Every structure is written in C-alpha cells, then in structure tokens.
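Raw contents of work_18.cif, mmCIF, C-alpha atoms and all ligand atoms:
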```cif
data_model
#
loop_
_atom_site.label_atom_id
_atom_site.label_comp_id
_atom_site.auth_asym_id
_atom_site.auth_seq_id
_atom_site.Cartn_x
_atom_site.Cartn_y
_atom_site.Cartn_z
CA MET A 72 0.00 0.00 0.00
CA LYS A 73 1.38 3.40 -1.01
CA ILE A 74 0.91 5.75 1.93
CA GLU A 75 -0.04 9.28 0.81
CA THR A 76 0.27 11.27 4.00
CA LEU A 77 -0.91 14.47 2.41
CA LYS A 78 -2.36 15.04 -1.02
CA TRP A 79 -3.63 17.98 -3.03
CA VAL A 80 -7.09 17.14 -4.35
CA GLY A 81 -8.29 19.67 -6.93
CA ASN A 82 -8.68 22.69 -4.68
CA HIS A 83 -7.77 21.59 -1.17
CA LEU A 84 -5.38 19.53 0.93
CA GLU A 85 -6.21 16.15 2.44
CA VAL A 86 -4.16 14.76 5.32
CA ILE A 87 -4.31 11.35 6.97
CA ASP A 88 -5.65 11.71 10.52
CA GLN A 89 -2.70 10.29 12.47
CA ARG A 90 -4.43 10.64 15.84
CA ILE A 91 -6.68 7.66 15.20
CA LEU A 92 -4.42 5.30 13.28
CA PRO A 93 -4.20 2.33 13.22
CA SER A 94 -7.82 1.62 14.17
CA THR A 95 -9.21 4.10 11.61
CA PHE A 96 -7.67 5.20 8.32
CA THR A 97 -9.27 8.41 7.16
CA TYR A 98 -8.39 11.75 5.59
CA ILE A 99 -9.24 15.21 6.93
CA SER A 100 -9.77 18.08 4.50
CA CYS A 101 -7.98 21.41 4.94
CA TRP A 102 -9.43 24.41 3.10
CA CYS A 103 -7.41 27.29 4.54
CA ALA A 104 -4.21 28.09 6.43
CA LEU A 105 -5.97 27.87 9.78
CA ASP A 106 -7.23 24.35 9.03
CA VAL A 107 -3.64 23.31 8.30
CA ALA A 108 -2.26 25.07 11.40
CA ASN A 109 -4.85 23.32 13.58
CA ALA A 110 -4.06 19.97 11.96
CA ILE A 111 -0.37 20.49 12.82
CA LYS A 112 -1.07 21.72 16.36
CA ASN A 113 -3.43 18.83 17.09
CA MET A 114 -1.09 16.16 15.67
CA ILE A 115 -3.47 15.18 12.86
CA ILE A 116 -0.35 15.61 10.78
CA ARG A 117 3.06 15.29 12.44
CA GLY A 118 6.68 14.52 11.67
CA ALA A 119 9.14 17.24 10.70
CA PRO A 120 9.10 17.05 6.87
CA ALA A 121 5.33 16.43 6.73
CA ILE A 122 4.47 19.50 8.77
CA GLY A 123 6.81 21.63 6.64
CA ILE A 124 5.13 20.59 3.40
CA ALA A 125 1.64 20.85 4.93
CA ALA A 126 2.45 24.43 5.97
CA ALA A 127 3.57 25.24 2.42
CA TYR A 128 0.20 24.00 1.18
CA GLY A 129 -1.46 26.08 3.91
CA ILE A 130 0.05 29.23 2.39
CA ALA A 131 -1.08 28.17 -1.09
CA LEU A 132 -4.62 27.54 0.21
CA GLU A 133 -4.78 31.00 1.74
CA ALA A 134 -3.47 32.65 -1.43
CA LEU A 135 -6.07 30.83 -3.54
CA ARG A 136 -8.78 31.78 -1.08
CA TYR A 137 -8.06 35.50 -1.40
CA GLU A 138 -6.89 35.70 -5.03
CA ASN A 139 -10.00 37.69 -5.97
CA SER A 140 -9.82 40.14 -3.06
CA THR A 141 -8.12 43.54 -2.96
CA PRO A 142 -4.29 43.51 -2.96
CA SER A 143 -4.19 44.88 0.59
CA THR A 144 -6.53 42.15 1.90
CA PHE A 145 -4.52 39.52 0.03
CA VAL A 146 -1.25 40.71 1.58
CA ALA A 147 -2.76 40.99 5.07
CA LYS A 148 -4.29 37.50 4.93
CA LEU A 149 -1.09 35.96 3.67
CA LYS A 150 0.98 37.63 6.36
CA ILE A 151 -1.37 36.28 9.04
CA ALA A 152 -1.18 32.82 7.47
CA PHE A 153 2.63 32.84 7.73
CA LEU A 154 2.39 33.80 11.42
CA VAL A 155 -0.31 31.27 12.31
CA LEU A 156 1.40 28.39 10.51
CA GLY A 157 4.86 29.38 11.75
CA SER A 158 3.75 29.17 15.37
CA SER A 159 1.84 25.88 15.09
CA ARG A 160 4.72 23.77 16.50
CA PRO A 161 8.13 24.97 17.69
CA THR A 162 10.76 22.24 17.41
CA ALA A 163 10.84 20.96 13.82
CA VAL A 164 12.80 23.44 11.73
CA ASN A 165 11.31 22.05 8.51
CA LEU A 166 8.26 24.18 9.28
CA SER A 167 10.11 27.51 9.09
CA TRP A 168 12.31 26.15 6.29
CA ALA A 169 9.26 25.50 4.10
CA LEU A 170 7.58 28.78 5.04
CA ASN A 171 10.79 30.68 4.21
CA ARG A 172 10.83 29.04 0.79
CA MET A 173 7.22 30.11 0.22
CA GLU A 174 7.87 33.66 1.38
CA LEU A 175 10.94 34.00 -0.83
CA ARG A 176 8.91 32.88 -3.86
CA TRP A 177 6.16 35.36 -3.02
CA ARG A 178 8.59 38.26 -2.50
CA GLY A 179 10.44 37.30 -5.67
CA LEU A 180 7.40 37.72 -7.92
CA SER A 181 7.64 40.96 -9.82
CA ASP A 182 3.95 41.58 -10.55
CA ASN A 183 2.71 41.95 -7.00
CA ASN A 184 -0.83 42.91 -7.94
CA ASN A 185 -1.49 39.79 -9.98
CA MET A 186 -2.86 37.70 -7.14
CA LYS A 187 -4.05 34.83 -9.32
CA LYS A 188 -0.51 34.45 -10.61
CA ILE A 189 0.94 34.60 -7.08
CA ALA A 190 -1.54 31.99 -5.83
CA SER A 191 -0.79 29.67 -8.71
CA GLU A 192 3.00 30.08 -8.23
CA LEU A 193 2.69 29.36 -4.52
CA LEU A 194 0.68 26.22 -5.20
CA SER A 195 3.28 25.09 -7.75
CA LEU A 196 6.06 25.60 -5.22
CA ALA A 197 4.21 23.63 -2.53
CA GLN A 198 3.75 20.81 -5.04
CA GLU A 199 7.44 20.95 -6.03
CA LEU A 200 8.50 20.78 -2.37
CA ALA A 201 6.18 17.81 -1.84
CA ALA A 202 7.56 15.91 -4.83
CA SER A 203 11.13 16.67 -3.88
CA ASP A 204 10.55 15.43 -0.31
CA VAL A 205 9.84 11.94 -1.66
CA HIS A 206 12.92 11.99 -3.93
CA ILE A 207 15.14 13.17 -1.10
CA ASN A 208 13.87 10.39 1.16
CA GLN A 209 14.50 7.78 -1.51
CA ARG A 210 18.01 9.11 -2.01
CA MET A 211 18.71 9.13 1.73
CA GLY A 212 17.34 5.61 1.85
CA GLN A 213 19.77 4.37 -0.79
CA ILE A 214 22.70 6.09 0.88
CA GLY A 215 21.81 4.98 4.40
CA ALA A 216 20.91 1.38 3.57
CA LYS A 217 24.53 0.69 2.62
CA LEU A 218 25.55 1.31 6.24
CA LEU A 219 23.45 -1.58 7.52
CA PRO A 220 24.63 -5.21 7.71
CA ASN A 221 23.03 -7.72 5.32
CA VAL A 222 21.14 -9.28 8.20
CA ALA A 223 20.19 -6.93 11.03
CA ASN A 224 17.75 -6.12 13.79
CA VAL A 225 17.36 -2.34 13.63
CA LEU A 226 15.77 -0.33 16.40
CA THR A 227 13.86 2.85 15.61
CA HIS A 228 12.15 5.38 17.85
CA CYS A 229 8.96 7.35 17.11
CA ASN A 230 7.76 7.39 13.50
CA ALA A 231 10.11 8.74 10.87
CA GLY A 232 8.33 6.96 8.06
CA ALA A 233 6.03 7.76 5.16
CA LEU A 234 3.56 9.20 7.66
CA ALA A 235 6.12 11.73 8.93
CA THR A 236 6.97 12.87 5.40
CA VAL A 237 5.19 13.18 2.08
CA GLY A 238 6.13 9.57 1.41
CA TYR A 239 8.80 6.86 1.93
CA GLY A 240 10.25 8.27 5.15
CA THR A 241 13.65 9.24 6.52
CA ALA A 242 14.67 6.60 9.09
CA LEU A 243 12.07 4.12 7.80
CA GLY A 244 13.12 5.09 4.26
CA VAL A 245 16.60 3.77 5.08
CA LEU A 246 15.05 0.51 6.31
CA ARG A 247 12.73 0.27 3.29
CA SER A 248 15.70 0.77 0.96
CA ALA A 249 17.72 -1.87 2.79
CA VAL A 250 14.86 -4.34 2.33
CA GLU A 251 14.57 -3.34 -1.37
CA MET A 252 18.33 -4.06 -1.71
CA GLY A 253 17.68 -7.59 -0.46
CA LYS A 254 18.96 -7.13 3.09
CA GLN A 255 17.20 -9.10 5.81
CA ILE A 256 16.05 -6.31 8.08
CA SER A 257 13.91 -6.85 11.12
CA VAL A 258 12.62 -3.65 12.68
CA VAL A 259 12.34 -3.18 16.44
CA ALA A 260 9.90 -0.33 17.11
CA ASP A 261 9.89 1.54 20.42
CA GLU A 262 6.27 2.27 21.30
CA THR A 263 7.20 5.95 21.97
CA ARG A 264 5.21 7.18 24.92
CA PRO A 265 3.22 9.33 25.31
CA PHE A 266 1.77 9.73 21.80
CA LEU A 267 2.63 6.17 20.73
CA GLN A 268 3.96 7.01 17.29
CA GLY A 269 5.99 3.78 17.32
CA ALA A 270 3.17 1.45 18.37
CA ARG A 271 0.49 3.09 16.28
CA LEU A 272 2.29 4.47 13.23
CA THR A 273 5.66 2.75 12.68
CA ALA A 274 4.21 -0.66 13.47
CA TRP A 275 1.28 0.04 11.12
CA GLU A 276 3.57 1.11 8.25
CA MET A 277 5.73 -1.99 8.65
CA VAL A 278 2.73 -4.31 8.83
CA GLN A 279 1.26 -2.71 5.67
CA GLU A 280 4.48 -3.51 3.83
CA GLY A 281 5.22 -6.88 5.30
CA ILE A 282 8.55 -5.76 6.77
CA PRO A 283 9.18 -7.83 9.91
CA CYS A 284 8.61 -5.63 12.94
CA THR A 285 8.64 -6.28 16.68
CA LEU A 286 7.04 -3.76 19.01
CA ILE A 287 8.60 -3.08 22.42
CA THR A 288 7.84 -0.62 25.20
CA ASP A 289 10.36 2.20 25.59
CA ASN A 290 11.94 0.70 28.69
CA MET A 291 12.90 -2.57 26.95
CA SER A 292 15.54 -1.33 24.52
CA GLY A 293 18.42 -1.44 27.04
CA HIS A 294 17.66 -5.05 27.88
CA LEU A 295 17.53 -6.08 24.21
CA MET A 296 20.78 -4.24 23.52
CA SER A 297 22.50 -5.94 26.46
CA LYS A 298 21.43 -9.32 25.05
CA GLY A 299 22.93 -8.54 21.62
CA GLU A 300 19.51 -8.33 19.96
CA ILE A 301 19.99 -4.91 18.34
CA ASP A 302 22.57 -4.39 15.56
CA ALA A 303 21.93 -0.74 14.71
CA VAL A 304 19.66 2.18 15.55
CA VAL A 305 18.19 4.52 12.91
CA VAL A 306 16.06 7.51 13.94
CA GLY A 307 14.87 10.74 12.32
CA ALA A 308 15.34 14.31 13.54
CA ASP A 309 13.31 17.47 14.01
CA ARG A 310 16.28 19.80 14.04
CA VAL A 311 20.04 19.36 13.92
CA ALA A 312 22.14 22.19 15.39
CA ALA A 313 25.31 23.53 13.76
CA ASN A 314 27.50 21.38 16.03
CA GLY A 315 25.61 18.18 15.15
CA ASP A 316 23.41 17.95 18.27
CA VAL A 317 20.10 16.31 17.33
CA ALA A 318 16.59 17.20 18.53
CA ASN A 319 14.22 14.29 18.06
CA LYS A 320 11.26 12.66 19.78
CA ILE A 321 11.52 12.39 23.57
CA GLY A 322 13.35 9.19 24.44
CA THR A 323 15.84 9.39 21.56
CA TYR A 324 18.60 10.60 23.90
CA MET A 325 18.06 7.59 26.15
CA VAL A 326 18.38 5.25 23.15
CA ALA A 327 21.57 7.04 22.04
CA VAL A 328 23.19 6.67 25.48
CA LEU A 329 22.30 2.98 25.56
CA SER A 330 23.64 2.52 22.03
CA ARG A 331 27.00 4.00 23.02
CA ARG A 332 27.12 1.80 26.15
CA HIS A 333 26.60 -1.27 23.97
CA LYS A 334 28.76 -0.10 21.03
CA ILE A 335 25.80 -0.15 18.65
CA PRO A 336 25.89 2.34 15.74
CA PHE A 337 23.40 5.18 16.20
CA TYR A 338 22.36 6.75 12.87
CA VAL A 339 20.21 9.85 12.31
CA ALA A 340 18.53 10.13 8.90
CA CYS A 341 17.54 13.71 8.08
CA PRO A 342 17.21 15.88 4.99
CA LEU A 343 19.31 19.06 4.74
CA SER A 344 16.12 21.02 5.51
CA THR A 345 16.35 19.66 9.07
CA ILE A 346 19.84 21.10 9.65
CA ASP A 347 19.72 24.54 11.24
CA LEU A 348 23.12 26.25 11.18
CA SER A 349 21.61 29.25 12.98
CA MET A 350 21.35 27.17 16.18
CA PRO A 351 24.90 26.83 17.53
CA THR A 352 24.09 23.84 19.78
CA GLY A 353 21.19 21.68 20.88
CA ASP A 354 20.72 23.91 23.94
CA ASP A 355 19.44 26.64 21.61
CA ILE A 356 16.70 24.48 20.06
CA PRO A 357 13.18 25.22 21.39
CA ILE A 358 11.65 22.11 22.95
CA GLU A 359 7.88 21.80 22.74
CA GLU A 360 6.18 21.08 26.07
CA ARG A 361 2.76 19.51 25.55
CA GLY A 362 -0.23 19.11 27.87
CA GLY A 363 -0.33 16.78 30.84
CA ASP A 364 -3.27 14.73 29.58
CA GLU A 365 -0.93 12.93 27.18
CA VAL A 366 1.12 11.73 30.14
CA ARG A 367 -1.81 10.91 32.39
CA GLY A 368 -3.41 8.63 29.81
CA PHE A 369 -4.23 8.25 26.14
CA GLY A 370 -7.21 8.75 23.84
CA GLY A 371 -9.49 10.17 26.50
CA SER A 372 -8.75 7.58 29.18
CA SER A 373 -6.56 8.45 32.15
CA TRP A 374 -4.77 6.00 34.43
CA ALA A 375 -2.73 8.37 36.58
CA ALA A 376 -3.56 9.48 40.11
CA GLU A 377 -5.94 12.41 39.87
CA GLY A 378 -4.29 15.74 40.67
CA VAL A 379 -0.74 14.57 40.00
CA ARG A 380 1.61 17.07 38.30
CA THR A 381 3.18 16.10 34.97
CA ARG A 382 6.00 17.08 32.64
CA ASN A 383 5.67 16.48 28.92
CA PRO A 384 8.71 17.66 26.94
CA SER A 385 8.00 16.32 23.48
CA PHE A 386 11.62 16.24 22.23
CA ASP A 387 15.10 15.79 23.66
CA ILE A 388 18.62 16.57 22.55
CA THR A 389 21.13 13.89 21.65
CA PRO A 390 24.63 15.37 21.81
CA ALA A 391 26.63 15.05 18.58
CA GLU A 392 29.24 12.90 20.34
CA LEU A 393 26.66 10.07 20.58
CA VAL A 394 25.79 10.18 16.87
CA THR A 395 27.69 7.65 14.74
CA ALA A 396 26.60 9.35 11.52
CA LEU A 397 24.03 11.61 9.93
CA ILE A 398 22.47 10.22 6.77
CA THR A 399 21.45 13.00 4.36
CA GLU A 400 20.64 13.34 0.66
CA ASN A 401 24.13 14.83 0.20
CA GLY A 402 25.85 11.85 1.79
CA VAL A 403 26.84 10.39 5.13
CA VAL A 404 28.51 12.56 7.78
CA LEU A 405 30.45 10.41 10.22
CA GLU A 406 30.77 11.87 13.74
CA PRO A 407 29.10 15.16 12.80
CA ASP A 408 30.62 18.44 13.98
CA GLU A 409 30.42 22.10 13.02
CA GLU A 410 32.99 21.99 10.26
CA LYS A 411 31.56 18.88 8.62
CA LEU A 412 28.02 20.27 8.71
CA LYS A 413 29.09 23.57 7.14
CA GLY A 414 30.79 21.61 4.36
CA LEU A 415 27.74 19.39 3.90
CA MET A 416 25.37 22.32 3.49
CA THR A 417 27.41 23.73 0.61
CA SER A 418 28.17 20.40 -1.09
CA GLU A 419 26.52 19.09 -4.23
CA PHE A 420 24.76 15.75 -4.61
CA HIS A 421 27.37 13.04 -5.05
O1 LIG B 501 5.84 14.84 17.68
P1 LIG B 501 6.09 14.26 16.32
O2 LIG B 501 5.35 12.99 16.09
O3 LIG B 501 5.89 15.28 15.24
O4 LIG B 501 7.63 13.90 16.34
C1 LIG B 501 8.17 13.32 15.20
C2 LIG B 501 9.59 12.93 15.37
O5 LIG B 501 10.19 13.15 16.40
C3 LIG B 501 10.27 12.31 14.19
O6 LIG B 501 11.24 11.42 14.60
C4 LIG B 501 10.93 13.44 13.38
O7 LIG B 501 10.00 14.43 13.06
C5 LIG B 501 11.56 12.93 12.16
S1 LIG B 501 10.34 12.58 10.96
C6 LIG B 501 10.98 12.13 9.51
#
```

Serialized structure, structure tokens:
Amino acid sequence: MKIETLKWVGNHLEVIDQRILPSTFTYISCWCALDVANAIKNMIIRGAPAIGIAAAYGIALEALRYENSTPSTFVAKLKIAFLVLGSSRPTAVNLSWALNRMELRWRGLSDNNNMKKIASELLSLAQELAASDVHINQRMGQIGAKLLPNVANVLTHCNAGALATVGYGTALGVLRSAVEMGKQISVVADETRPFLQGARLTAWEMVQEGIPCTLITDNMSGHLMSKGEIDAVVVGADRVAANGDVANKIGTYMVAVLSRRHKIPFYVACPLSTIDLSMPTGDDIPIEERGGDEVRGFGGSSWAAEGVRTRNPSFDITPAELVTALITENGVVLEPDEEKLKGLMTSEFH
C-alpha cells in the first residue's frame, strides 16, 4: 500500500488523521491556512518534513482563497497565514524552512498585484516541495541502507516513516531501501510514549508492507541491547544544530546513550532542511512542552492518580558525540561536527 500522507485534491489539501491510526484510516480536508495550522497543532499531521510541506500547502490555500480580493486584503491575509502556521509547533525546523521558501517565492514575484498568478505560483512551489521530499527520502534511503549489515535487527524510535513525510520516510526510508536491496532487516519499534507514534504508526507502516517488525515498550531497549539483539539504531530528527546535536522525539537521547554503552551504531537520517546552522548547539533548540493529559493517559482515558503534576517535553537533545553518523541526501557525515556540517550544506549531490 502506497501511503499518501498528504495530497492535493483539486482545490484543497487532504491529510491522513494520524491521531486515530491504526484503528481508523481516514483523511481530513484542509481548506485554509488555519485548518492546516490546527491539523499540525493537534497532531493530525506530524513529523518534521510532513508539517513543513503541509504548511507550504497552507500558504497556497490562503493565497487561492483570497486571489479575488483587494491587494491589501490579500497581503494581510497571507501575512497572518505565515504567522499562524509558523507558530503551530516549535521544534521541527522544517516548518520555518518550508515557510521561508514560500515567502521568498512570493517576494520574488515581480507583478505583485497579480494575485491569481501569485496563488498559482505558490501552489506550484508547494507541489514541487512535496515531490522533492519523496525523492530526497528515496536518495537518503539508498545512501543509508549501505551502512546496515546484510542481516540486522534495527531499532527505531517514534515514526520517521512515510507518515512523517510526504512519502517513503527518513529513518524508515533507510530501512525500506535496505529491504529493497535484499537485506534481511527486522525492525524493532519503540512504542514511543506518550503519543505512541511507534506502536500506532511505525508498526502500522511496517505491517502494511510486510517488513518484519517487533514492538517493544520504551523501557525494553536497554535489555535487548544488552542481550545482543539490536545491531543498529536509525532515527529521524526534528532539528540538527550547527555542532551536530540532534533534537528528536523524547526518548531518543536515552536510546543514544544505551547505544553507546553497547557499542551499537546510532544513525540519524535527516534531509538538509532539518539542519539549522543558525542554532549553535542543541541547547538553543526550542523544545515543545505539551499538555499533561498525554502523560496521564491516552485517547481520553486516564490512568494516573488524579491531581498529579506532569511534565511532557516532546523532544530531547542527543549530543553530537553520541551520533555515529548523519544520513542526508548529500551523503553520510560520520561523527558530525560544526565543520563537517558547514561543508555538507554547501556540497553538491554526489
Ligand atoms: O511529535 P512528532 O510525532 O511530530 O515527532 C516526530 C519525530 O520526532 C520524528 O522522529 C521526526 O520528526 C523525524 S520525521 C521524519
């Protein structure tokens, strides 16, 4: 089954509702920038590249919606759309990366009163970004798959698959490619409390494709590593700082520490759009703190003692020193550091 996480259908955007997978597979329609911002905020759509591309479509939707209005209304509505979408989630830099691309295209258009032309150009750019996301993932997949042994149990955390992108996936893209190359890959999926992206989304993707997958709770990975049952770890990223520190789903840091303890390679698959050279280190990356209900329970049911306080940081920082390599569309960066990342960002495909 080809998973189309988000798709443009004639005049609007449809996104898979990731809150209710795997029990229900359904699309939600977005007709304006606010619909898209709410879908991002409420985790209907999630995963760094997917929210970036969704936001780009959000801008296109708003431009199309106001293409027949006065130029001043058009400009005002578009400016608000950039603000609303830009503040929908804080950690994944792909969101501002995609919005910057959209804004540059808008500012670069010479005939600023031709709103139909602007709207159509913005839609074309959103579609280009969407198509290129899939190609980039496939390329990362081919590059990263070569790092894995021919037979391997590979642990992944959260969901960095087709559902977190436009298609194919970053970390899961590497695993898909390895399988396509004929490698015998068995995926070990952390369940990823509190939102259960591993149990609900990664496991679902793997089952759809018939890739062997074993689900574990987050506190089991150390035990499996100590028993020699994990050969490599591949995760995605929401933002990589200039020094190579990686922000990814809460719990990633724990997995990285355990990997180092057990001498297991820890790979991070991320497109260049996830690397943010303006953040010197991981300490500078904003970490989203979500509501306590996600920690107290799930899906409307709560199992925690009533009245208990919670913390819910949604991401953590894995220091660069724990990262064996970054896998990008421009190649593999072993032991990432500031100099290597600067070089990577200016290099060509090779
Ligand atoms: O809170 P989420 O589900 O948006 O977090 C997603 C992750 O942490 C992914 O690992 C990351 O975005 C990489 S997705 C290719």

Using only C-alpha atoms, which protein or nucleic acid residues come within 9 Å of A:Asp302? Drop anything in the same chain fewer than 3 positions from it, and give the result as JSON, numbers by chain. {"A": [219, 220, 222, 223, 224, 225, 226, 296, 299, 335, 336]}

Padding of 6 Å on every side, edges along x, y and z, all listed atoms of stretch 111-124 of chain A included: what centre and edge lengths in Å, to one decimal, does that box have, as JSON?
```
{"center_x": 2.8, "center_y": 18.1, "center_z": 10.2, "size_x": 24.6, "size_y": 19.2, "size_z": 25.7}
```

Closest of A:Glu280, A:Glu377, A:Glu360, A:Asp316 to ligand LIG 501 (chain B) - atom-to-atom distances counting all atoms listed in the file: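 That would be A:Glu360, the residue with the smallest distance to ligand LIG 501 (chain B).
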
Taking all atoms listed in the file into account, which residues have an atom no farther than 8 Å from ligand LIG 501 (chain B)? I'd like them as a ChimeraX atom specification. /A:114,116-122,163,228-233,235-236,240-242,266,268,306-309,318-321,340-341,385-386

Considering only C-alpha atoms, can you say which of A:Ile287, A:Met277, A:Val305, A:Leu329 comes closest to A:Asp261? A:Ile287

Could you tell me which of A:Val237, A:Ile74, A:Leu194, A:Val366 comes closest to A:Val379 if we count all atoms listed in the file? A:Val366

Hey, which of A:Val311, A:Leu156, A:Ala270, A:Val317 ends up closest to A:Pro390? Count all atoms listed in the file. A:Val317

Distance of atom CA of A:Glu365 from atom CA of A:Ala125, expressed in Å to one decimal place: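 Straight-line distance from atom CA of A:Ala125 to atom CA of A:Glu365 works out to 23.8 Å.
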
May I ask which of the residues A:Gly414, A:Gly179, A:Pro384, A:Gly244 is the closest one to A:Gln213, counting only C-alpha atoms?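 Nearest to A:Gln213: A:Gly244.
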
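Between A:Lys334 and the candidates A:Lys148, A:Asp347, A:Thr395, A:Glu85, the tightest atom-to-atom separation, counting all atoms listed in the file, involves A:Thr395.
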
What separation in Å, quoted to one decimal, exists between atom CA of A:Leu149 and atom CA of A:Leu196? 15.4 Å
